[in-house]
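Visitor: Below is the file start-v5.pdb, which contains PDB, C-alpha atoms, pLDDT in the B column.
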```pdb
MODEL        1
ATOM      1  CA  MET A 278      -7.710  25.320  12.515  1.00 57.00           C
ATOM      2  CA  SER A 279      -9.829  25.688   9.379  1.00 76.00           C
ATOM      3  CA  ASP A 280     -12.194  23.015   8.139  1.00 87.00           C
ATOM      4  CA  PRO A 281     -10.070  20.211   6.580  1.00 93.00           C
ATOM      5  CA  PHE A 282     -12.395  19.814   3.592  1.00 94.00           C
ATOM      6  CA  THR A 283     -12.171  23.512   2.781  1.00 93.00           C
ATOM      7  CA  SER A 284      -8.381  23.366   2.970  1.00 93.00           C
ATOM      8  CA  LEU A 285      -8.145  20.465   0.519  1.00 95.00           C
ATOM      9  CA  LYS A 286     -10.581  22.104  -1.902  1.00 94.00           C
ATOM     10  CA  SER A 287      -8.064  24.912  -2.320  1.00 93.00           C
ATOM     11  CA  GLU A 288      -5.205  22.424  -2.760  1.00 95.00           C
ATOM     12  CA  PHE A 289      -6.726  20.212  -5.467  1.00 96.00           C
ATOM     13  CA  ASP A 290      -8.781  20.775  -8.622  1.00 95.00           C
ATOM     14  CA  GLU A 291     -11.149  17.807  -8.387  1.00 95.00           C
ATOM     15  CA  ALA A 292     -13.235  16.307  -5.576  1.00 95.00           C
ATOM     16  CA  VAL A 293     -15.399  13.156  -5.754  1.00 94.00           C
ATOM     17  CA  ALA A 294     -17.223  10.989  -3.220  1.00 92.00           C
ATOM     18  CA  ALA A 295     -15.305   7.967  -1.925  1.00 93.00           C
ATOM     19  CA  ALA A 296     -15.377   5.431   0.891  1.00 89.00           C
ATOM     20  CA  ALA A 297     -12.446   3.826   2.695  1.00 90.00           C
ATOM     21  CA  LEU A 298     -12.246   0.373   4.236  1.00 83.00           C
ATOM     22  CA  PHE A 299      -9.554  -0.194   6.869  1.00 85.00           C
ATOM     23  CA  PHE A 300      -8.706  -3.767   7.840  1.00 78.00           C
ATOM     24  CA  ASN A 301      -6.542  -5.492  10.424  1.00 75.00           C
ATOM     25  CA  ASN A 302      -6.879  -9.244  10.977  1.00 66.00           C
ATOM     26  CA  GLY A 303      -4.015  -9.628  13.401  1.00 69.00           C
ATOM     27  CA  HIS A 304      -1.737 -10.770  10.567  1.00 71.00           C
ATOM     28  CA  ASN A 305      -2.130  -8.081   7.902  1.00 76.00           C
ATOM     29  CA  LYS A 306      -3.273  -4.483   7.658  1.00 83.00           C
ATOM     30  CA  ALA A 307      -5.047  -3.433   4.498  1.00 84.00           C
ATOM     31  CA  LEU A 308      -6.764  -0.484   2.851  1.00 89.00           C
ATOM     32  CA  ARG A 309      -9.374  -0.212   0.127  1.00 87.00           C
ATOM     33  CA  VAL A 310     -10.771   3.097  -1.144  1.00 92.00           C
ATOM     34  CA  GLU A 311     -13.716   2.936  -3.539  1.00 88.00           C
ATOM     35  CA  VAL A 312     -14.381   5.871  -5.878  1.00 91.00           C
ATOM     36  CA  PRO A 313     -17.493   5.098  -7.963  1.00 84.00           C
ATOM     37  CA  THR A 314     -17.613   8.459  -9.790  1.00 86.00           C
ATOM     38  CA  ILE A 315     -14.331   7.772 -11.605  1.00 91.00           C
ATOM     39  CA  ALA A 316     -14.787   3.954 -11.544  1.00 88.00           C
ATOM     40  CA  LEU A 317     -11.585   3.281  -9.608  1.00 92.00           C
ATOM     41  CA  GLU A 318     -10.692   1.565  -6.375  1.00 90.00           C
ATOM     42  CA  PHE A 319      -7.429   1.663  -4.473  1.00 94.00           C
ATOM     43  CA  THR A 320      -6.234  -1.613  -2.974  1.00 89.00           C
ATOM     44  CA  ASP A 321      -2.944  -2.659  -1.451  1.00 87.00           C
ATOM     45  CA  GLY A 322      -3.527  -6.251  -2.569  1.00 73.00           C
ATOM     46  CA  LEU A 323      -4.345  -7.576   0.886  1.00 61.00           C
ATOM     47  CA  TYR A 324      -7.636  -8.765   2.267  1.00 50.00           C
ATOM     48  CA  ILE A 325     -10.494  -6.325   2.905  1.00 50.00           C
ATOM     49  CA  GLY A 326     -12.160  -8.376   5.445  1.00 38.00           C
ATOM     50  CA  LYS A 327     -13.939  -2.523   3.491  1.00 37.00           C
ATOM     51  CA  GLY A 328     -12.715  -3.128  11.194  1.00 34.00           C
ATOM     52  CA  VAL A 329     -11.439  -8.701  16.646  1.00 30.00           C
ATOM     53  CA  SER A 330     -11.197 -12.147  16.926  1.00 29.00           C
ATOM     54  CA  SER A 331      -9.029  -9.511  16.009  1.00 34.00           C
ATOM     55  CA  GLN A 332     -10.369  -8.236  12.774  1.00 39.00           C
ATOM     56  CA  ILE A 333     -11.365  -4.608  12.509  1.00 39.00           C
ATOM     57  CA  GLN A 334     -12.494  -2.824   9.424  1.00 46.00           C
ATOM     58  CA  CYS A 335     -14.844   0.127   9.052  1.00 52.00           C
ATOM     59  CA  HIS A 336     -15.977   2.292   6.187  1.00 67.00           C
ATOM     60  CA  PRO A 337     -15.768   6.064   6.681  1.00 82.00           C
ATOM     61  CA  GLU A 338     -17.299   7.908   3.740  1.00 87.00           C
ATOM     62  CA  GLY A 339     -15.570  11.028   2.521  1.00 94.00           C
ATOM     63  CA  ILE A 340     -14.025  12.819  -0.451  1.00 96.00           C
ATOM     64  CA  LEU A 341     -11.104  11.978  -2.726  1.00 97.00           C
ATOM     65  CA  PHE A 342      -9.287  15.125  -3.821  1.00 98.00           C
ATOM     66  CA  TYR A 343      -7.009  15.000  -6.868  1.00 97.00           C
ATOM     67  CA  ASN A 344      -5.745  17.071  -9.792  1.00 95.00           C
ATOM     68  CA  ALA A 345      -5.448  14.771 -12.818  1.00 94.00           C
ATOM     69  CA  ILE A 346      -7.023  11.402 -13.596  1.00 94.00           C
ATOM     70  CA  ASP A 347      -3.775  10.308 -15.264  1.00 93.00           C
ATOM     71  CA  ASP A 348      -2.057  10.369 -11.874  1.00 95.00           C
ATOM     72  CA  PHE A 349      -3.863   7.138 -10.994  1.00 96.00           C
ATOM     73  CA  LYS A 350      -2.371   5.173 -13.905  1.00 93.00           C
ATOM     74  CA  MET A 351      -0.154   2.210 -13.112  1.00 91.00           C
ATOM     75  CA  THR A 352       2.368   2.916 -15.881  1.00 91.00           C
ATOM     76  CA  LYS A 353       4.046   5.980 -17.340  1.00 87.00           C
ATOM     77  CA  HIS A 354       3.802   6.932 -21.008  1.00 86.00           C
ATOM     78  CA  ASP A 355       6.935   4.904 -21.761  1.00 89.00           C
ATOM     79  CA  GLY A 356       5.482   1.808 -20.083  1.00 88.00           C
ATOM     80  CA  THR A 357       7.546   2.109 -16.917  1.00 91.00           C
ATOM     81  CA  PRO A 358       5.604   0.839 -13.865  1.00 93.00           C
ATOM     82  CA  VAL A 359       4.481   3.397 -11.292  1.00 94.00           C
ATOM     83  CA  THR A 360       4.623   2.603  -7.569  1.00 95.00           C
ATOM     84  CA  HIS A 361       1.740   4.164  -5.661  1.00 97.00           C
ATOM     85  CA  HIS A 362       2.542   4.876  -2.002  1.00 97.00           C
ATOM     86  CA  TYR A 363      -0.010   5.745   0.666  1.00 98.00           C
ATOM     87  CA  THR A 364       0.106   6.978   4.254  1.00 98.00           C
ATOM     88  CA  VAL A 365      -2.818   6.974   6.703  1.00 97.00           C
ATOM     89  CA  LEU A 366      -3.037   9.946   9.066  1.00 97.00           C
ATOM     90  CA  THR A 367      -5.484  11.112  11.722  1.00 95.00           C
ATOM     91  CA  SER A 368      -6.209  14.594  13.049  1.00 95.00           C
ATOM     92  CA  VAL A 369      -8.588  16.224  15.502  1.00 93.00           C
ATOM     93  CA  VAL A 370     -10.299  19.527  14.674  1.00 92.00           C
ATOM     94  CA  GLY A 371     -12.573  20.827  17.396  1.00 89.00           C
ATOM     95  CA  ASP A 372     -14.490  17.818  18.648  1.00 91.00           C
ATOM     96  CA  LYS A 373     -14.200  15.830  15.397  1.00 93.00           C
ATOM     97  CA  THR A 374     -11.654  13.198  14.362  1.00 93.00           C
ATOM     98  CA  TYR A 375     -10.645  12.975  10.697  1.00 95.00           C
ATOM     99  CA  CYS A 376      -8.722  10.391   8.719  1.00 95.00           C
ATOM    100  CA  THR A 377      -6.590  11.300   5.724  1.00 97.00           C
ATOM    101  CA  VAL A 378      -4.955   8.981   3.193  1.00 98.00           C
ATOM    102  CA  GLU A 379      -2.128  10.662   1.273  1.00 98.00           C
ATOM    103  CA  TYR A 380      -1.073   9.263  -2.113  1.00 98.00           C
ATOM    104  CA  ARG A 381       2.330   9.695  -3.768  1.00 97.00           C
ATOM    105  CA  ARG A 382       3.922   8.281  -6.916  1.00 96.00           C
ATOM    106  CA  ASP A 383       7.373   6.655  -6.883  1.00 95.00           C
ATOM    107  CA  SER A 384       9.802   8.922  -4.998  1.00 92.00           C
ATOM    108  CA  ASP A 385       7.662  12.072  -5.251  1.00 93.00           C
ATOM    109  CA  THR A 386       7.361  14.131  -2.076  1.00 91.00           C
ATOM    110  CA  ASP A 387       4.169  15.926  -3.171  1.00 95.00           C
ATOM    111  CA  CYS A 388       0.796  14.196  -2.933  1.00 97.00           C
ATOM    112  CA  TYR A 389      -1.141  13.653  -6.164  1.00 97.00           C
ATOM    113  CA  ALA A 390      -4.326  12.848  -4.220  1.00 98.00           C
ATOM    114  CA  LYS A 391      -5.777  12.802  -0.708  1.00 98.00           C
ATOM    115  CA  PHE A 392      -8.780  11.004   0.733  1.00 98.00           C
ATOM    116  CA  LEU A 393     -10.439  12.782   3.665  1.00 97.00           C
ATOM    117  CA  ALA A 394     -13.306  11.628   5.890  1.00 95.00           C
ATOM    118  CA  GLU A 395     -14.685  12.253   9.324  1.00 94.00           C
ATOM    119  CA  ASP A 396     -13.762   9.187  11.370  1.00 91.00           C
ATOM    120  CA  SER A 397     -16.565   9.216  13.926  1.00 84.00           C
ATOM    121  CA  THR A 398     -16.331   5.459  14.624  1.00 79.00           C
ATOM    122  CA  GLY A 399     -12.558   5.404  15.178  1.00 83.00           C
ATOM    123  CA  ALA A 400     -11.941   3.183  12.147  1.00 83.00           C
ATOM    124  CA  VAL A 401      -8.254   4.061  11.799  1.00 89.00           C
ATOM    125  CA  ALA A 402      -7.471   3.677  15.493  1.00 86.00           C
ATOM    126  CA  GLY A 403      -9.483   0.457  15.669  1.00 80.00           C
ATOM    127  CA  ALA A 404      -7.440  -1.017  12.821  1.00 83.00           C
ATOM    128  CA  SER A 405      -4.169   0.319  14.329  1.00 88.00           C
ATOM    129  CA  MET A 406      -3.414   2.088  11.054  1.00 92.00           C
ATOM    130  CA  ALA A 407      -2.570   5.638  12.186  1.00 94.00           C
ATOM    131  CA  ASN A 408       0.711   6.670  10.497  1.00 97.00           C
ATOM    132  CA  TYR A 409       0.686   3.394   8.544  1.00 96.00           C
ATOM    133  CA  SER A 410       2.292   3.398   5.078  1.00 96.00           C
ATOM    134  CA  SER A 411       2.370   0.882   2.255  1.00 95.00           C
ATOM    135  CA  THR A 412       1.914   0.618  -1.522  1.00 95.00           C
ATOM    136  CA  GLY A 413      -1.004  -0.366  -3.752  1.00 94.00           C
ATOM    137  CA  SER A 414      -2.726  -0.021  -7.105  1.00 94.00           C
ATOM    138  CA  TRP A 415      -5.753   1.624  -8.756  1.00 95.00           C
ATOM    139  CA  PRO A 416      -7.722  -1.043 -10.699  1.00 90.00           C
ATOM    140  CA  LYS A 417     -11.118  -0.390 -12.253  1.00 88.00           C
ATOM    141  CA  LEU A 418     -13.984  -0.563  -9.755  1.00 84.00           C
ATOM    142  CA  ILE A 419     -16.420  -3.288 -10.731  1.00 81.00           C
ATOM    143  CA  LEU A 420     -19.202  -3.868  -8.207  1.00 80.00           C
ATOM    144  CA  GLY A 421     -22.737  -5.175  -8.333  1.00 85.00           C
ATOM    145  CA  SER A 422     -25.235  -4.778  -5.517  1.00 88.00           C
ATOM    146  CA  SER A 423     -28.529  -6.072  -4.204  1.00 92.00           C
ATOM    147  CA  ILE A 424     -30.792  -4.835  -1.435  1.00 94.00           C
ATOM    148  CA  ALA A 425     -30.507  -7.386   1.373  1.00 96.00           C
ATOM    149  CA  THR A 426     -31.823  -8.111   4.856  1.00 98.00           C
ATOM    150  CA  VAL A 427     -29.993  -9.724   7.780  1.00 98.00           C
ATOM    151  CA  GLU A 428     -32.225 -11.402  10.352  1.00 98.00           C
ATOM    152  CA  LYS A 429     -31.814 -13.174  13.692  1.00 97.00           C
ATOM    153  CA  GLU A 430     -34.448 -14.357  16.168  1.00 97.00           C
ATOM    154  CA  SER A 431     -33.708 -13.942  19.873  1.00 96.00           C
ATOM    155  CA  ALA A 432     -34.650 -17.562  20.612  1.00 96.00           C
ATOM    156  CA  ASN A 433     -31.851 -19.113  18.526  1.00 96.00           C
ATOM    157  CA  GLN A 434     -28.347 -18.521  17.172  1.00 97.00           C
ATOM    158  CA  THR A 435     -29.168 -18.667  13.447  1.00 98.00           C
ATOM    159  CA  ILE A 436     -28.322 -15.603  11.338  1.00 98.00           C
ATOM    160  CA  THR A 437     -29.710 -15.332   7.808  1.00 98.00           C
ATOM    161  CA  ILE A 438     -29.061 -12.875   4.985  1.00 98.00           C
ATOM    162  CA  TYR A 439     -31.644 -12.596   2.211  1.00 97.00           C
ATOM    163  CA  ALA A 440     -30.627 -10.969  -1.088  1.00 95.00           C
ATOM    164  CA  ASP A 441     -33.861 -11.355  -3.020  1.00 93.00           C
ATOM    165  CA  ALA A 442     -32.818  -9.390  -6.112  1.00 91.00           C
ATOM    166  CA  ILE A 443     -30.072 -11.900  -6.925  1.00 93.00           C
ATOM    167  CA  GLY A 444     -31.846 -14.926  -5.459  1.00 94.00           C
ATOM    168  CA  LYS A 445     -29.268 -15.663  -2.737  1.00 96.00           C
ATOM    169  CA  VAL A 446     -29.716 -16.735   0.896  1.00 97.00           C
ATOM    170  CA  GLY A 447     -26.838 -17.159   3.350  1.00 98.00           C
ATOM    171  CA  VAL A 448     -27.167 -18.883   6.722  1.00 98.00           C
ATOM    172  CA  TRP A 449     -24.735 -19.350   9.604  1.00 98.00           C
ATOM    173  CA  THR A 450     -24.802 -20.005  13.346  1.00 97.00           C
ATOM    174  CA  ALA A 451     -23.336 -17.739  16.014  1.00 96.00           C
ATOM    175  CA  PRO A 452     -21.475 -19.711  18.692  1.00 95.00           C
ATOM    176  CA  SER A 453     -22.744 -19.949  22.246  1.00 92.00           C
ATOM    177  CA  GLY A 454     -22.117 -16.734  24.146  1.00 92.00           C
ATOM    178  CA  VAL A 455     -22.214 -14.532  21.021  1.00 95.00           C
ATOM    179  CA  LEU A 456     -25.401 -12.562  20.281  1.00 96.00           C
ATOM    180  CA  ASN A 457     -27.313 -14.655  22.818  1.00 95.00           C
ATOM    181  CA  HIS A 458     -30.951 -13.539  23.165  1.00 95.00           C
ATOM    182  CA  LYS A 459     -30.418 -10.877  20.478  1.00 96.00           C
ATOM    183  CA  GLY A 460     -32.999 -10.437  17.738  1.00 97.00           C
ATOM    184  CA  PHE A 461     -32.911  -8.009  14.824  1.00 97.00           C
ATOM    185  CA  THR A 462     -33.841  -7.313  11.221  1.00 97.00           C
ATOM    186  CA  VAL A 463     -31.366  -5.025   9.441  1.00 97.00           C
ATOM    187  CA  THR A 464     -31.748  -3.862   5.832  1.00 96.00           C
ATOM    188  CA  GLY A 465     -28.830  -2.774   3.684  1.00 93.00           C
ATOM    189  CA  ASN A 466     -26.943  -3.469   0.454  1.00 91.00           C
ATOM    190  CA  LEU A 467     -24.948  -6.563  -0.444  1.00 93.00           C
ATOM    191  CA  TYR A 468     -22.031  -5.682  -2.730  1.00 88.00           C
ATOM    192  CA  PHE A 469     -20.163  -8.178  -4.897  1.00 89.00           C
ATOM    193  CA  LYS A 470     -17.776  -8.301  -7.838  1.00 81.00           C
ATOM    194  CA  ASN A 471     -18.912 -11.615  -9.295  1.00 86.00           C
ATOM    195  CA  ILE A 472     -22.382 -12.943  -8.546  1.00 91.00           C
ATOM    196  CA  GLY A 473     -21.118 -16.445  -9.202  1.00 90.00           C
ATOM    197  CA  GLN A 474     -18.603 -16.129  -6.338  1.00 90.00           C
ATOM    198  CA  VAL A 475     -21.060 -14.933  -3.664  1.00 94.00           C
ATOM    199  CA  GLY A 476     -21.831 -18.508  -2.597  1.00 95.00           C
ATOM    200  CA  ASN A 477     -18.145 -19.215  -1.951  1.00 93.00           C
ATOM    201  CA  GLY A 478     -18.104 -16.862   1.043  1.00 93.00           C
ATOM    202  CA  ILE A 479     -17.971 -19.364   3.918  1.00 94.00           C
ATOM    203  CA  TYR A 480     -16.519 -16.891   6.450  1.00 91.00           C
ATOM    204  CA  ALA A 481     -18.426 -13.832   7.725  1.00 91.00           C
ATOM    205  CA  ASN A 482     -16.431 -11.060   9.435  1.00 85.00           C
ATOM    206  CA  TYR A 483     -19.156  -9.307  11.404  1.00 90.00           C
ATOM    207  CA  ASN A 484     -19.881  -6.067  13.274  1.00 85.00           C
ATOM    208  CA  ASP A 485     -22.401  -3.206  13.328  1.00 86.00           C
ATOM    209  CA  ASP A 486     -20.677  -1.403  10.429  1.00 83.00           C
ATOM    210  CA  ARG A 487     -20.629  -4.272   7.947  1.00 85.00           C
ATOM    211  CA  ILE A 488     -20.415  -8.003   7.273  1.00 90.00           C
ATOM    212  CA  VAL A 489     -17.616  -9.133   4.969  1.00 86.00           C
ATOM    213  CA  PHE A 490     -17.897 -12.574   3.365  1.00 91.00           C
ATOM    214  CA  TYR A 491     -14.793 -14.329   2.126  1.00 86.00           C
ATOM    215  CA  GLN A 492     -13.687 -17.728   0.885  1.00 87.00           C
ATOM    216  CA  ASP A 493     -10.353 -18.228   2.624  1.00 77.00           C
ATOM    217  CA  ASP A 494      -8.894 -17.482   6.030  1.00 65.00           C
ATOM    218  CA  TRP A 495      -6.592 -14.490   6.614  1.00 55.00           C
ATOM    219  CA  THR A 496      -4.348 -15.657   3.747  1.00 54.00           C
ATOM    220  CA  GLY A 497      -7.070 -14.719   1.233  1.00 57.00           C
ATOM    221  CA  THR A 498      -6.687 -11.729  -1.039  1.00 56.00           C
ATOM    222  CA  ASP A 499     -10.231 -10.524  -1.660  1.00 69.00           C
ATOM    223  CA  PHE A 500     -13.856 -10.642  -0.547  1.00 81.00           C
ATOM    224  CA  THR A 501     -16.720 -12.518  -2.176  1.00 89.00           C
ATOM    225  CA  ALA A 502     -19.332 -10.020  -0.955  1.00 91.00           C
ATOM    226  CA  TYR A 503     -19.957  -7.493   1.781  1.00 88.00           C
ATOM    227  CA  PHE A 504     -23.097  -6.139   3.450  1.00 92.00           C
ATOM    228  CA  ILE A 505     -23.466  -2.494   4.538  1.00 88.00           C
ATOM    229  CA  PRO A 506     -26.557  -1.450   6.553  1.00 91.00           C
ATOM    230  CA  LEU A 507     -28.548   1.474   5.186  1.00 89.00           C
ATOM    231  CA  GLU A 508     -27.712   4.811   6.789  1.00 81.00           C
ATOM    232  CA  SER A 509     -31.406   5.168   7.609  1.00 87.00           C
ATOM    233  CA  GLU A 510     -31.544   1.798   9.374  1.00 88.00           C
ATOM    234  CA  LEU A 511     -32.553   2.170  13.027  1.00 89.00           C
ATOM    235  CA  GLU A 512     -31.719  -1.380  14.136  1.00 93.00           C
ATOM    236  CA  THR A 513     -28.134  -2.617  14.411  1.00 93.00           C
ATOM    237  CA  LEU A 514     -26.337  -5.942  14.020  1.00 95.00           C
ATOM    238  CA  ASN A 515     -25.721  -5.831  17.797  1.00 94.00           C
ATOM    239  CA  MET A 516     -21.921  -5.912  17.750  1.00 89.00           C
ATOM    240  CA  GLU A 517     -19.575  -2.940  18.243  1.00 82.00           C
ATOM    241  CA  PRO A 518     -16.564  -2.801  15.889  1.00 72.00           C
ATOM    242  CA  ALA A 519     -14.164  -3.421  18.793  1.00 72.00           C
ATOM    243  CA  SER A 520     -15.911  -6.777  19.391  1.00 82.00           C
ATOM    244  CA  THR A 521     -15.841  -7.912  15.743  1.00 81.00           C
ATOM    245  CA  GLN A 522     -16.314 -11.648  15.245  1.00 87.00           C
ATOM    246  CA  THR A 523     -15.531 -13.972  12.358  1.00 87.00           C
ATOM    247  CA  PHE A 524     -18.172 -16.650  11.877  1.00 93.00           C
ATOM    248  CA  THR A 525     -17.465 -19.814   9.901  1.00 92.00           C
ATOM    249  CA  GLY A 526     -19.637 -22.281   8.052  1.00 95.00           C
ATOM    250  CA  VAL A 527     -21.766 -19.822   6.076  1.00 97.00           C
ATOM    251  CA  ALA A 528     -23.980 -21.857   3.740  1.00 97.00           C
ATOM    252  CA  TRP A 529     -25.493 -20.196   0.661  1.00 98.00           C
ATOM    253  CA  SER A 530     -28.431 -21.366  -1.423  1.00 96.00           C
ATOM    254  CA  ASN A 531     -30.462 -20.045  -4.333  1.00 93.00           C
ATOM    255  CA  GLN A 532     -34.013 -18.873  -3.741  1.00 84.00           C
TER     256      GLN A 532
ENDMDL
END
```
For the structure just supplied, provide its representation as structure tokens.
Guide:
Amino acid sequence: MSDPFTSLKSEFDEAVAAAALFFNNGHNKALRVEVPTIALEFTDGLYIGKGVSSQIQCHPEGILFYNAIDDFKMTKHDGTPVTHHYTVLTSVVGDKTYCTVEYRRDSDTDCYAKFLAEDSTGAVAGASMANYSSTGSWPKLILGSSIATVEKESANQTITIYADAIGKVGVWTAPSGVLNHKGFTVTGNLYFKNIGQVGNGIYANYNDDRIVFYQDDWTGTDFTAYFIPLESELETLNMEPASTQTFTGVAWSNQ
């Protein structure tokens, strides 16, 4: 079988970098695809946290292939609403696993766009989203970010995130039996939509791939912030995605 990226390049006119976030909290499955180049994000309106206490959500980075930017609009020229459908698929080529998200409008059978990424961490399988279909929308992508550091000493259970550029510090305590005797310092980026809402994130959904902060339990509809370690970071947060934990009682303060 030919390289999947090469195949899609011949199928679509445009290709831009994108990242997908797959989420399963035991109650809902959700998908978010962020496409900074065209300032759009795809969301199905459910909670990002973009892999259990049974919450799994990971972030494979890949390419969004499409033909026309107008295909992402939520209404037709006459004002009629457009329903955007998506289907998550997986495939294996050689020794690599790939995830594909196919997008269709209304009752169309042809795809107007496809997201493709190598799924080396098993994000789709971990979130139980292979062959999953639903609907969503393409709002404008509005994200701010700050370099941040997550620290824990091996002698205690306190975890702290420092986001110096925006003057925020978050602190929470891992329960007994979780991350015992583990110490680390991990640098990455803290992403947020509204800096004023960062401090409302009292829950932290946590694994090696990311930490997602949110205000409500699984009934919530969006994140307050999320932390992604740098690709160059050698240390980890010491928790495999399959063992993802949700910590409560995150307390934020201003530096």
Visitor: Applied to this file, what does the PyMOL selection byres ((chain A and resi 286) around 12) return in terms of residues, put as a PyMOL selection string?
Guide: chain A and resi 279-285+287-293+340-344+390-393
Visitor: Could you take the residues named above and write them with C-alpha atoms, as a CSV table (one decimal), in the coordinates of the input?
Guide:
```csv
chain,number,residue,atom,x,y,z
A,279,SER,CA,-9.8,25.7,9.4
A,280,ASP,CA,-12.2,23.0,8.1
A,281,PRO,CA,-10.1,20.2,6.6
A,282,PHE,CA,-12.4,19.8,3.6
A,283,THR,CA,-12.2,23.5,2.8
A,284,SER,CA,-8.4,23.4,3.0
A,285,LEU,CA,-8.1,20.5,0.5
A,287,SER,CA,-8.1,24.9,-2.3
A,288,GLU,CA,-5.2,22.4,-2.8
A,289,PHE,CA,-6.7,20.2,-5.5
A,290,ASP,CA,-8.8,20.8,-8.6
A,291,GLU,CA,-11.1,17.8,-8.4
A,292,ALA,CA,-13.2,16.3,-5.6
A,293,VAL,CA,-15.4,13.2,-5.8
A,340,ILE,CA,-14.0,12.8,-0.5
A,341,LEU,CA,-11.1,12.0,-2.7
A,342,PHE,CA,-9.3,15.1,-3.8
A,343,TYR,CA,-7.0,15.0,-6.9
A,344,ASN,CA,-5.7,17.1,-9.8
A,390,ALA,CA,-4.3,12.8,-4.2
A,391,LYS,CA,-5.8,12.8,-0.7
A,392,PHE,CA,-8.8,11.0,0.7
A,393,LEU,CA,-10.4,12.8,3.7
```
Visitor: I'd like the contact shell of Gln434 in chain A - 7 Å cut-off, only C-alpha atoms, skipping same-chain residues fewer than 5 positions apart - returned as a PyMOL selection string.
Guide: chain A and resi 450-451+457
Visitor: Using Å and a single decimal, report how far CA of Thr386 in chain A sits from CA of Glu338 in chain A.
Guide: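 Taking CA of Glu338 in chain A and CA of Thr386 in chain A, their separation equals 26.1 Å.
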Visitor: Evaluated on this file, the PyMOL selection byres ((chain A and resi 382) around 8) picks out some residues - which ones are they, written as a PyMOL selection string?
Guide: chain A and resi 359-362+380-381+383-385+388-389
Visitor: Using the chain letters and numbers from the file, which residues does the PyMOL selection byres ((chain A and resi 504) around 10) grab, as a list in words?
Guide: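 Applied to this file, the PyMOL selection byres ((chain A and resi 504) around 10) selects Lys327, Ser422, Ser423, Ile424, Ala425, Thr426, Val427, Ile438, Thr464, Gly465, Asn466, Leu467, Tyr468, Phe469, Ala481, Tyr483, Asp486, Arg487, Ile488, Val489, Phe490, Ala502, Tyr503, Ile505, Pro506 and Leu507 of chain A.
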Visitor: Between A:Glu510, A:Asp493, A:Asp396, A:Glu318, which residue has the minimum interatomic distance to Val369 in chain A, considering all atoms listed in the file?
Guide: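 Answer, going by the shortest atom-to-atom distance: A:Asp396.
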Visitor: Give the answer as one residue: which of A:Ile419, A:Ser414, A:Val312, A:Cys376 has the shortest atom-to-atom distance to Pro358 in chain A, using all atoms listed in the file?
Guide: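 Once distances to Pro358 in chain A are computed over all atoms listed in the file, the minimum belongs to A:Ser414.
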Visitor: Quick one: axis-aligned box around all listed atoms of range 501-519 of chain A, 8 Å on every side, centre and edge lengths in Å to one decimal, written as lines of an AutoDock Vina configuration file.
Guide:
```
center_x = -23.4
center_y = -3.7
center_z = 8.3
size_x = 34.4
size_y = 33.7
size_z = 37.0
```
Visitor: Kindly extract all protein, DNA and RNA residues lying within 7 Å of the coordinates (-13.7, -15.7, 5.4) given in the file, considering only C-alpha atoms, and supply them as a list of chain:residue names.
Guide: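 Every residue inside that radius is included here: A:Gly478, A:Ile479, A:Tyr480, A:Ala481, A:Asn482, A:Phe490, A:Tyr491, A:Gln492, A:Asp493, A:Asp494.
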Visitor: Write out as a PyMOL selection string the residues lying within 10 Å of Gly413 in chain A, counting only C-alpha atoms and excluding same-chain residues fewer than 6 positions away.
Guide: chain A and resi 307-309+319-323+351+360-363+380
Visitor: Work out how far apart CA of His354 in chain A and CA of Glu379 in chain A are and give it in Å to one decimal.
Guide: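 According to the coordinates, CA of His354 in chain A and CA of Glu379 in chain A are separated by 23.4 Å.
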Visitor: Nearest to Lys417 in chain A among A:Asn305, A:Thr314, A:Thr501, A:Gln532, with distances taken over only C-alpha atoms: which residue is it?
Guide: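 So, comparing all the options, the nearest one is A:Thr314.
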Visitor: Please compute the CA of Val401 in chain A-CA of Thr367 in chain A distance, one decimal, in Å.
Guide: 7.6 Å
Visitor: Select, from A:Ser405, A:Thr364, A:Ser410, A:Ser520, the residue with the minimum atom-to-atom distance to Leu456 in chain A, counting all atoms listed in the file.
Guide: A:Ser520
Visitor: For range 460-465 of chain A, where the input has fewer atoms than it should, I would like N, CA, C and O atoms rebuilt and written as a PDB file, keeping the file's coordinate frame.
Guide:
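Saved the output as part-v5.pdb:
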```
ATOM      1  N   GLY A 460     -32.193 -10.294  18.936  1.00 97.00           N
ATOM      2  CA  GLY A 460     -32.999 -10.437  17.738  1.00 97.00           C
ATOM      3  C   GLY A 460     -33.013  -9.136  16.956  1.00 97.00           C
ATOM      4  O   GLY A 460     -33.049  -8.049  17.547  1.00 97.00           O
ATOM      5  N   PHE A 461     -32.943  -9.226  15.634  1.00 97.00           N
ATOM      6  CA  PHE A 461     -32.911  -8.009  14.824  1.00 97.00           C
ATOM      7  C   PHE A 461     -33.242  -8.318  13.372  1.00 97.00           C
ATOM      8  O   PHE A 461     -33.141  -9.464  12.910  1.00 97.00           O
ATOM      9  N   THR A 462     -33.652  -7.282  12.668  1.00 97.00           N
ATOM     10  CA  THR A 462     -33.841  -7.313  11.221  1.00 97.00           C
ATOM     11  C   THR A 462     -33.209  -6.035  10.684  1.00 97.00           C
ATOM     12  O   THR A 462     -33.681  -4.938  10.986  1.00 97.00           O
ATOM     13  N   VAL A 463     -32.134  -6.175   9.919  1.00 97.00           N
ATOM     14  CA  VAL A 463     -31.366  -5.025   9.441  1.00 97.00           C
ATOM     15  C   VAL A 463     -31.318  -5.052   7.916  1.00 97.00           C
ATOM     16  O   VAL A 463     -30.899  -6.051   7.317  1.00 97.00           O
ATOM     17  N   THR A 464     -31.748  -3.964   7.293  1.00 96.00           N
ATOM     18  CA  THR A 464     -31.748  -3.862   5.832  1.00 96.00           C
ATOM     19  C   THR A 464     -30.555  -3.059   5.363  1.00 96.00           C
ATOM     20  O   THR A 464     -30.140  -2.079   5.991  1.00 96.00           O
ATOM     21  N   GLY A 465     -29.973  -3.476   4.244  1.00 93.00           N
ATOM     22  CA  GLY A 465     -28.830  -2.774   3.684  1.00 93.00           C
ATOM     23  C   GLY A 465     -28.572  -3.218   2.261  1.00 93.00           C
ATOM     24  O   GLY A 465     -29.481  -3.720   1.574  1.00 93.00           O
TER      25      GLY A 465
END
```
